[in-house]
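Source file: input09.cif. Holds: mmCIF, C-alpha atoms.
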```cif
data_input
loop_
_atom_site.label_atom_id
_atom_site.label_comp_id
_atom_site.auth_asym_id
_atom_site.auth_seq_id
_atom_site.Cartn_x
_atom_site.Cartn_y
_atom_site.Cartn_z
CA MET A 457 23.37 17.08 8.50
CA LEU A 458 26.48 16.80 6.34
CA GLN A 459 28.59 16.10 9.40
CA ALA A 460 26.17 13.36 10.44
CA ALA A 461 26.36 11.89 6.93
CA ARG A 462 30.16 11.80 7.09
CA TYR A 463 30.06 10.07 10.47
CA THR A 464 27.50 7.57 9.17
CA ARG A 465 29.68 6.83 6.15
CA GLU A 466 32.69 6.26 8.42
CA LEU A 467 30.71 3.79 10.52
CA CYS A 468 29.50 1.98 7.40
CA ASP A 469 33.00 1.75 5.92
CA LYS A 470 34.38 0.50 9.22
CA ASN A 471 31.75 -2.25 9.41
CA GLY A 472 31.62 -3.26 5.75
CA LEU A 473 28.18 -1.77 5.16
CA VAL A 474 26.77 -0.02 2.09
CA VAL A 475 24.08 2.66 2.08
CA MET A 476 21.43 1.66 -0.45
CA ALA A 477 19.18 4.72 -0.37
CA LEU A 478 18.39 7.90 1.51
CA GLN A 479 14.79 8.12 2.65
CA PRO A 480 12.12 9.30 3.10
CA PHE A 481 11.76 12.59 1.22
CA LEU A 482 8.43 13.18 2.91
CA ASN A 483 5.30 15.05 1.85
CA TYR A 484 6.72 16.60 -1.30
CA ASP A 485 4.27 15.80 -4.08
CA GLY A 486 1.04 17.67 -4.72
CA SER A 487 1.51 20.64 -2.39
CA PHE A 488 -0.47 23.82 -3.11
CA ASP A 489 1.89 25.84 -0.90
CA ASP A 490 4.54 27.42 -3.13
CA THR A 491 6.67 28.37 -0.13
CA LYS A 492 6.62 24.80 1.16
CA HIS A 493 7.46 23.54 -2.32
CA ARG A 494 10.48 25.84 -2.56
CA GLU A 495 11.60 24.72 0.90
CA ASN A 496 11.42 21.11 -0.23
CA ILE A 497 13.53 21.86 -3.30
CA THR A 498 16.11 23.60 -1.10
CA LYS A 499 16.08 20.56 1.19
CA LEU A 500 16.53 18.28 -1.80
CA LYS A 501 19.66 20.14 -2.89
CA LEU A 502 21.09 19.46 0.56
CA TRP A 503 20.13 15.82 0.19
CA PHE A 504 22.09 15.72 -3.07
CA LYS A 505 25.20 16.49 -1.02
CA VAL A 506 24.23 13.89 1.56
CA VAL A 507 23.83 11.04 -0.94
CA LYS A 508 27.25 11.76 -2.40
CA ILE A 509 28.80 11.52 1.06
CA LEU A 510 26.91 8.31 1.84
CA GLY A 511 27.94 6.75 -1.47
CA THR A 512 24.49 6.17 -2.90
CA ASN A 513 22.61 7.77 -5.78
CA LEU A 514 19.08 6.88 -4.74
CA ILE A 515 16.43 8.88 -2.87
CA GLN A 516 13.06 7.40 -1.95
CA VAL A 517 9.98 9.61 -2.28
CA PRO A 518 6.80 8.37 -0.54
CA SER A 519 3.41 9.50 -1.73
CA GLN A 520 1.93 12.52 0.05
CA MET A 521 0.50 11.76 3.50
CA ILE A 522 -1.10 15.12 4.27
CA LEU A 523 -4.55 15.76 2.82
CA GLU A 524 -4.95 19.43 3.74
CA GLY A 525 -3.27 21.83 1.33
CA THR A 526 -2.39 19.15 -1.20
CA THR A 527 -3.87 17.62 -4.32
CA GLY A 528 -3.95 14.31 -6.08
CA ASP A 529 -4.29 15.98 -9.47
CA PHE A 530 -2.39 13.75 -11.87
CA ASP A 531 -0.78 16.55 -13.88
CA LYS A 532 0.40 18.31 -10.72
CA LEU A 533 1.95 15.12 -9.37
CA VAL A 534 3.67 14.46 -12.68
CA ALA A 535 5.04 18.01 -12.75
CA ASP A 536 6.35 17.75 -9.19
CA ILE A 537 8.06 14.40 -9.69
CA ARG A 538 9.44 15.50 -13.05
CA GLU A 539 10.92 18.60 -11.42
CA ILE A 540 13.01 16.65 -8.93
CA GLY A 541 13.87 14.11 -11.61
CA GLU A 542 15.31 16.80 -13.85
CA LEU A 543 17.26 18.27 -10.93
CA GLY A 544 18.64 14.82 -10.20
CA LEU A 545 19.76 14.39 -13.80
CA ASN A 546 21.86 17.53 -13.50
CA GLU A 547 23.86 16.02 -10.65
CA ASP A 548 27.16 14.23 -11.26
CA PRO A 549 26.60 11.35 -10.96
CA PRO A 550 22.85 11.60 -11.58
CA VAL A 551 20.59 11.03 -8.59
CA ARG A 552 17.71 8.56 -8.95
CA PHE A 553 14.30 8.72 -7.30
CA ALA A 554 12.14 5.79 -6.19
CA TYR A 555 8.51 6.93 -5.90
CA GLU A 556 6.43 4.80 -3.52
CA ALA A 557 2.72 4.40 -2.85
CA LEU A 558 2.04 4.43 0.88
CA ALA A 559 -0.93 2.37 2.04
CA TRP A 560 -2.07 5.43 4.00
CA GLY A 561 -1.29 7.96 1.26
CA ALA A 562 -3.57 10.99 1.09
CA HIS A 563 -4.05 10.73 -2.67
CA LEU A 564 -1.99 7.81 -4.00
CA ASP A 565 -2.15 4.55 -2.07
CA LEU A 566 -1.82 1.91 -4.78
CA TRP A 567 1.32 0.94 -6.65
CA GLN A 568 -0.56 1.29 -9.95
CA GLN A 569 -1.27 4.96 -9.25
CA VAL A 570 2.38 5.74 -8.59
CA TRP A 571 3.40 3.69 -11.61
CA ALA A 572 1.13 5.83 -13.82
CA VAL A 573 2.95 8.96 -12.61
CA VAL A 574 6.38 7.39 -13.12
CA THR A 575 5.42 6.30 -16.63
CA LYS A 576 4.18 9.77 -17.54
CA VAL A 577 7.28 11.48 -16.11
CA ASP A 578 9.37 9.26 -18.39
CA LEU A 579 12.83 10.11 -17.07
CA PRO A 580 15.61 7.51 -16.78
CA ASN A 581 16.29 8.36 -13.14
CA VAL A 582 12.68 8.23 -11.93
CA GLY A 583 11.34 4.83 -10.96
CA THR A 584 9.47 3.14 -8.17
CA VAL A 585 9.92 0.90 -5.14
CA LEU A 586 7.52 -1.91 -4.29
CA ASP A 587 6.96 -2.76 -0.63
CA THR A 588 5.06 -5.91 0.32
CA TYR A 589 3.53 -4.23 3.37
CA GLN A 590 2.35 -1.17 1.45
CA ILE A 591 0.70 -3.43 -1.13
CA LEU A 592 -0.81 -5.95 1.27
CA GLY A 593 -1.71 -3.38 3.91
CA ARG A 594 -3.78 -1.50 1.37
CA ILE A 595 -5.67 -4.25 -0.48
CA TYR A 596 -5.44 -7.38 1.68
CA GLY A 597 -4.99 -6.84 5.41
CA ASP A 598 -7.29 -4.92 7.71
CA PRO A 599 -6.04 -4.28 11.26
CA THR A 600 -9.50 -3.06 12.31
CA SER A 601 -11.21 -6.35 11.40
CA LEU A 602 -11.63 -9.44 13.56
CA THR A 603 -10.52 -11.51 10.57
CA GLY A 604 -7.49 -9.34 9.83
CA LYS A 605 -8.54 -9.28 6.19
CA GLN A 606 -10.59 -7.13 3.88
CA PRO A 607 -13.77 -8.79 2.53
CA ASP A 608 -12.37 -9.07 -1.00
CA ALA A 609 -8.75 -9.60 0.05
CA GLU A 610 -7.99 -12.65 -2.07
CA GLU A 611 -9.63 -11.29 -5.21
CA SER A 612 -7.98 -7.88 -4.87
CA LEU A 613 -4.54 -9.38 -4.35
CA ALA A 614 -4.89 -11.78 -7.27
CA SER A 615 -5.95 -8.93 -9.56
CA SER A 616 -3.12 -6.66 -8.39
CA LEU A 617 -0.47 -9.33 -8.85
CA GLU A 618 -1.83 -10.25 -12.27
CA GLU A 619 -1.51 -6.62 -13.29
CA MET A 620 1.99 -6.44 -11.85
CA ALA A 621 3.10 -9.45 -13.85
CA ALA A 622 1.55 -8.03 -17.02
CA THR A 623 3.41 -4.76 -16.45
CA ALA A 624 6.74 -6.54 -16.01
CA PRO A 625 8.51 -5.55 -19.26
CA ALA A 626 8.09 -1.84 -18.53
CA LEU A 627 8.21 -2.14 -14.74
CA LEU A 628 11.45 -4.08 -14.34
CA PRO A 629 13.91 -1.38 -15.48
CA LYS A 630 12.05 1.16 -13.35
CA LEU A 631 11.92 -0.99 -10.20
CA PHE A 632 14.82 0.53 -8.29
CA TYR A 633 14.48 -1.68 -5.24
CA VAL A 634 12.12 -3.96 -3.31
CA GLN A 635 11.07 -3.79 0.33
CA LEU A 636 9.87 -6.83 2.25
CA SER A 637 7.87 -6.87 5.47
CA ASP A 638 4.86 -8.46 7.12
CA ALA A 639 2.65 -7.24 9.98
CA GLU A 640 1.18 -8.63 13.16
CA PHE A 641 -2.38 -9.93 13.29
CA MET A 642 -4.10 -7.38 15.52
CA SER A 643 -5.90 -9.06 18.41
CA PRO A 644 -7.81 -7.16 19.54
CA PRO A 645 -8.28 -5.21 16.32
CA LEU A 646 -7.30 -1.55 16.14
CA SER A 647 -9.96 0.69 17.64
CA PRO A 648 -10.09 3.95 19.61
CA THR A 649 -9.38 1.97 22.79
CA HIS A 650 -6.33 0.17 21.38
CA PRO A 651 -2.93 1.28 22.75
CA PHE A 652 -1.68 1.86 19.19
CA TYR A 653 -4.59 4.14 18.33
CA ASP A 654 -3.79 7.63 17.07
CA PRO A 655 -6.69 9.75 15.76
CA ALA A 656 -4.29 11.60 13.46
CA GLN A 657 -3.30 8.42 11.62
CA LYS A 658 -5.05 6.04 9.26
CA PRO A 659 -5.26 2.44 10.53
CA GLN A 660 -2.60 1.27 8.07
CA MET A 661 -0.18 3.85 9.44
CA MET A 662 -0.85 2.93 13.08
CA TRP A 663 -0.30 -0.70 12.12
CA SER A 664 2.87 0.11 10.23
CA ARG A 665 4.44 2.25 12.92
CA ASN A 666 3.85 -0.27 15.71
CA ALA A 667 3.54 -3.79 14.41
CA ARG A 668 5.47 -4.55 11.26
CA LEU A 669 7.43 -7.78 11.13
CA PHE A 670 10.06 -9.43 9.02
CA PRO A 671 8.71 -11.98 6.52
CA CYS A 672 8.02 -15.48 7.85
CA GLU A 673 7.83 -14.40 11.49
CA PHE A 674 4.67 -16.43 11.99
CA ASP A 675 5.54 -17.03 15.64
CA ARG A 676 5.22 -13.28 16.20
CA GLY A 677 1.83 -13.05 14.53
CA GLY A 678 2.83 -12.49 10.91
CA TYR A 679 0.10 -13.56 8.50
CA LEU A 680 0.14 -11.46 5.33
CA PRO A 681 0.97 -13.43 2.14
CA VAL A 682 4.35 -11.80 1.59
CA ASP A 683 5.49 -14.88 -0.32
CA LYS A 684 2.83 -14.37 -3.01
CA VAL A 685 3.98 -10.82 -3.72
CA ALA A 686 7.66 -11.78 -3.54
CA LYS A 687 7.13 -14.67 -5.95
CA VAL A 688 5.63 -12.35 -8.57
CA LEU A 689 8.41 -9.80 -8.06
CA PHE A 690 11.22 -12.32 -8.34
CA GLU A 691 9.74 -14.63 -10.96
CA ASP A 692 7.13 -12.86 -13.09
CA VAL A 693 8.70 -9.41 -12.98
CA GLY A 694 12.19 -10.91 -12.85
CA TYR A 695 13.58 -8.50 -10.27
CA ARG A 696 17.24 -8.88 -9.34
CA GLY A 697 18.73 -6.21 -7.14
CA TRP A 698 18.64 -4.68 -3.69
CA VAL A 699 16.07 -6.07 -1.26
CA SER A 700 15.38 -4.05 1.88
CA MET A 701 13.80 -5.46 5.02
CA GLU A 702 11.48 -2.52 5.72
CA VAL A 703 10.44 -3.02 9.32
CA PHE A 704 9.02 -0.36 11.62
CA SER A 705 7.89 -1.60 14.99
CA ARG A 706 7.63 -0.71 18.64
CA THR A 707 10.39 -3.31 19.16
CA MET A 708 12.88 -0.98 17.49
CA SER A 709 12.29 1.58 20.25
CA GLU A 710 13.05 -0.81 23.06
CA PRO A 711 16.03 0.07 25.28
CA GLY A 712 19.19 -2.00 25.14
CA LYS A 713 22.36 -2.18 23.08
CA GLU A 714 21.28 -5.57 21.79
CA VAL A 715 18.24 -4.19 19.90
CA PRO A 716 20.04 -3.43 16.58
CA THR A 717 21.82 -6.79 16.63
CA ASP A 718 18.61 -8.66 17.44
CA HIS A 719 16.79 -7.03 14.54
CA ALA A 720 19.68 -7.68 12.16
CA GLN A 721 19.67 -11.35 13.14
CA ARG A 722 15.90 -11.53 12.75
CA GLY A 723 16.23 -9.98 9.31
CA MET A 724 18.78 -12.51 8.11
CA LYS A 725 16.78 -15.41 9.55
CA SER A 726 13.69 -14.04 7.83
CA TRP A 727 15.42 -13.74 4.45
CA LYS A 728 16.61 -17.33 4.59
CA ALA A 729 13.16 -18.52 5.66
CA LEU A 730 11.51 -16.65 2.79
CA LEU A 731 13.92 -18.17 0.27
CA THR A 732 13.01 -21.60 1.64
CA GLN A 733 9.29 -20.78 1.51
CA LEU A 734 9.67 -19.77 -2.13
CA GLY A 735 11.56 -22.97 -2.90
CA TYR A 736 14.83 -21.26 -3.77
CA ASN A 737 16.96 -23.18 -1.26
CA LYS A 738 16.26 -26.59 -2.75
CA LYS A 739 19.35 -28.45 -3.91
#
```

Can I see the file as structure tokens?
Amino acid sequence: MLQAARYTRELCDKNGLVVMALQPFLNYDGSFDDTKHRENITKLKLWFKVVKILGTNLIQVPSQMILEGTTGDFDKLVADIREIGELGLNEDPPVRFAYEALAWGAHLDLWQQVWAVVTKVDLPNVGTVLDTYQILGRIYGDPTSLTGKQPDAEESLASSLEEMAATAPALLPKLFYVQLSDAEFMSPPLSPTHPFYDPAQKPQMMWSRNARLFPCEFDRGGYLPVDKVAKVLFEDVGYRGWVSMEVFSRTMSEPGKEVPTDHAQRGMKSWKALLTQLGYNKK
């Protein structure tokens, strides 16, 4: 793994690229299995070496995805996240952690839930990451519905964004980065007969793994109100920092040397389109 990290760093340096974060540190929080927990801590210590090689100081930690053998007990989650936070503080330079709520999380699937843990942990190197898909995929979109939306989608989104804006003074210094992505309108909707269907995954995860899009790719079926979330993040919260285009899709598994370049070009086109949609490109 260290050799791979060195090779990756060489490629990045050669091409003028910077590694923003190492992710995902999967299925860590809330485990009842002490052996698994110790294995994760051992893995984390290896990751500390990897981030130094890559030139970053940030590790992303998604909320637990596995229900069996885990808990959503608040105190347990706080203790687990605090443990890695304290280990990160002992590194030189300190390593930061961005805790994220996955829309298909086993116990935490809302940004507010993760934020409560981060607030309670209260360490300078423990913060969060907000992803437009994870927010919208949980409270707004529904890939199993003919409408593509949850019944109370508009009300839920408005309430969530209002709370996000109200949390801004405390949230901003703990918002370590932002991820932007949309998703395809599912027609037909996800069902057991759909080619994306996987009985081991929640609908939001099937959707995420197969059909995420860059923002503003309306011609590809994008329809989630990414702009509404982005506007609150950039204006009400006042975020200024790294923005990641967090896109997982079947298109990334297509054969061909042109696939990485095509996605990079789509990402840049998307970013410019979103800035225009938000009114930031006006002269």

(request) Tell me which residues the PyMOL selection byres ((chain A and resi 552-555) around 8) grabs here, as a list in words. (result)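 On the file shown, the PyMOL selection byres ((chain A and resi 552-555) around 8) covers Asn513, Leu514, Ile515, Gln516, Val517, Pro518, Ser519, Gly541, Gly544, Leu545, Pro550, Val551, Glu556, Ala557, Val570, Val574, Asn581, Val582, Gly583, Thr584, Val585, Leu631, Phe632 and Tyr633 of chain A.
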
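For the residues A:Met620, A:Val634, A:Ala667, A:Met642, ranking by smallest atom-to-atom distance to Gly604 (chain A) using all atoms listed in the file places A:Met642 first.
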
(message) Quick check, in Å to one decimal: how far apart do CA of Asp489 (chain A) and CA of Gln569 (chain A) lie?
(response)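 So the two atoms, CA of Asp489 (chain A) and CA of Gln569 (chain A), lie 22.7 Å apart.
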
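Atom to atom, CA of Leu579 (chain A) and CA of Ala626 (chain A) stand 12.9 Å apart.
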
On this structure, which residues satisfy the PyMOL selection byres ((chain A and resi 522) around 10), written as a PDB file with C-alpha atoms, in the coordinates of the input?
```
ATOM      1  CA  LEU A 482       8.430  13.180   2.910  1.00  0.00           C
ATOM      2  CA  ASN A 483       5.300  15.050   1.850  1.00  0.00           C
ATOM      3  CA  TYR A 484       6.720  16.600  -1.300  1.00  0.00           C
ATOM      4  CA  ASP A 485       4.270  15.800  -4.080  1.00  0.00           C
ATOM      5  CA  GLY A 486       1.040  17.670  -4.720  1.00  0.00           C
ATOM      6  CA  SER A 487       1.510  20.640  -2.390  1.00  0.00           C
ATOM      7  CA  SER A 519       3.410   9.500  -1.730  1.00  0.00           C
ATOM      8  CA  GLN A 520       1.930  12.520   0.050  1.00  0.00           C
ATOM      9  CA  MET A 521       0.500  11.760   3.500  1.00  0.00           C
ATOM     10  CA  LEU A 523      -4.550  15.760   2.820  1.00  0.00           C
ATOM     11  CA  GLU A 524      -4.950  19.430   3.740  1.00  0.00           C
ATOM     12  CA  GLY A 525      -3.270  21.830   1.330  1.00  0.00           C
ATOM     13  CA  THR A 526      -2.390  19.150  -1.200  1.00  0.00           C
ATOM     14  CA  THR A 527      -3.870  17.620  -4.320  1.00  0.00           C
ATOM     15  CA  TRP A 560      -2.070   5.430   4.000  1.00  0.00           C
ATOM     16  CA  GLY A 561      -1.290   7.960   1.260  1.00  0.00           C
ATOM     17  CA  ALA A 562      -3.570  10.990   1.090  1.00  0.00           C
ATOM     18  CA  HIS A 563      -4.050  10.730  -2.670  1.00  0.00           C
TER      19      HIS A 563
END
```
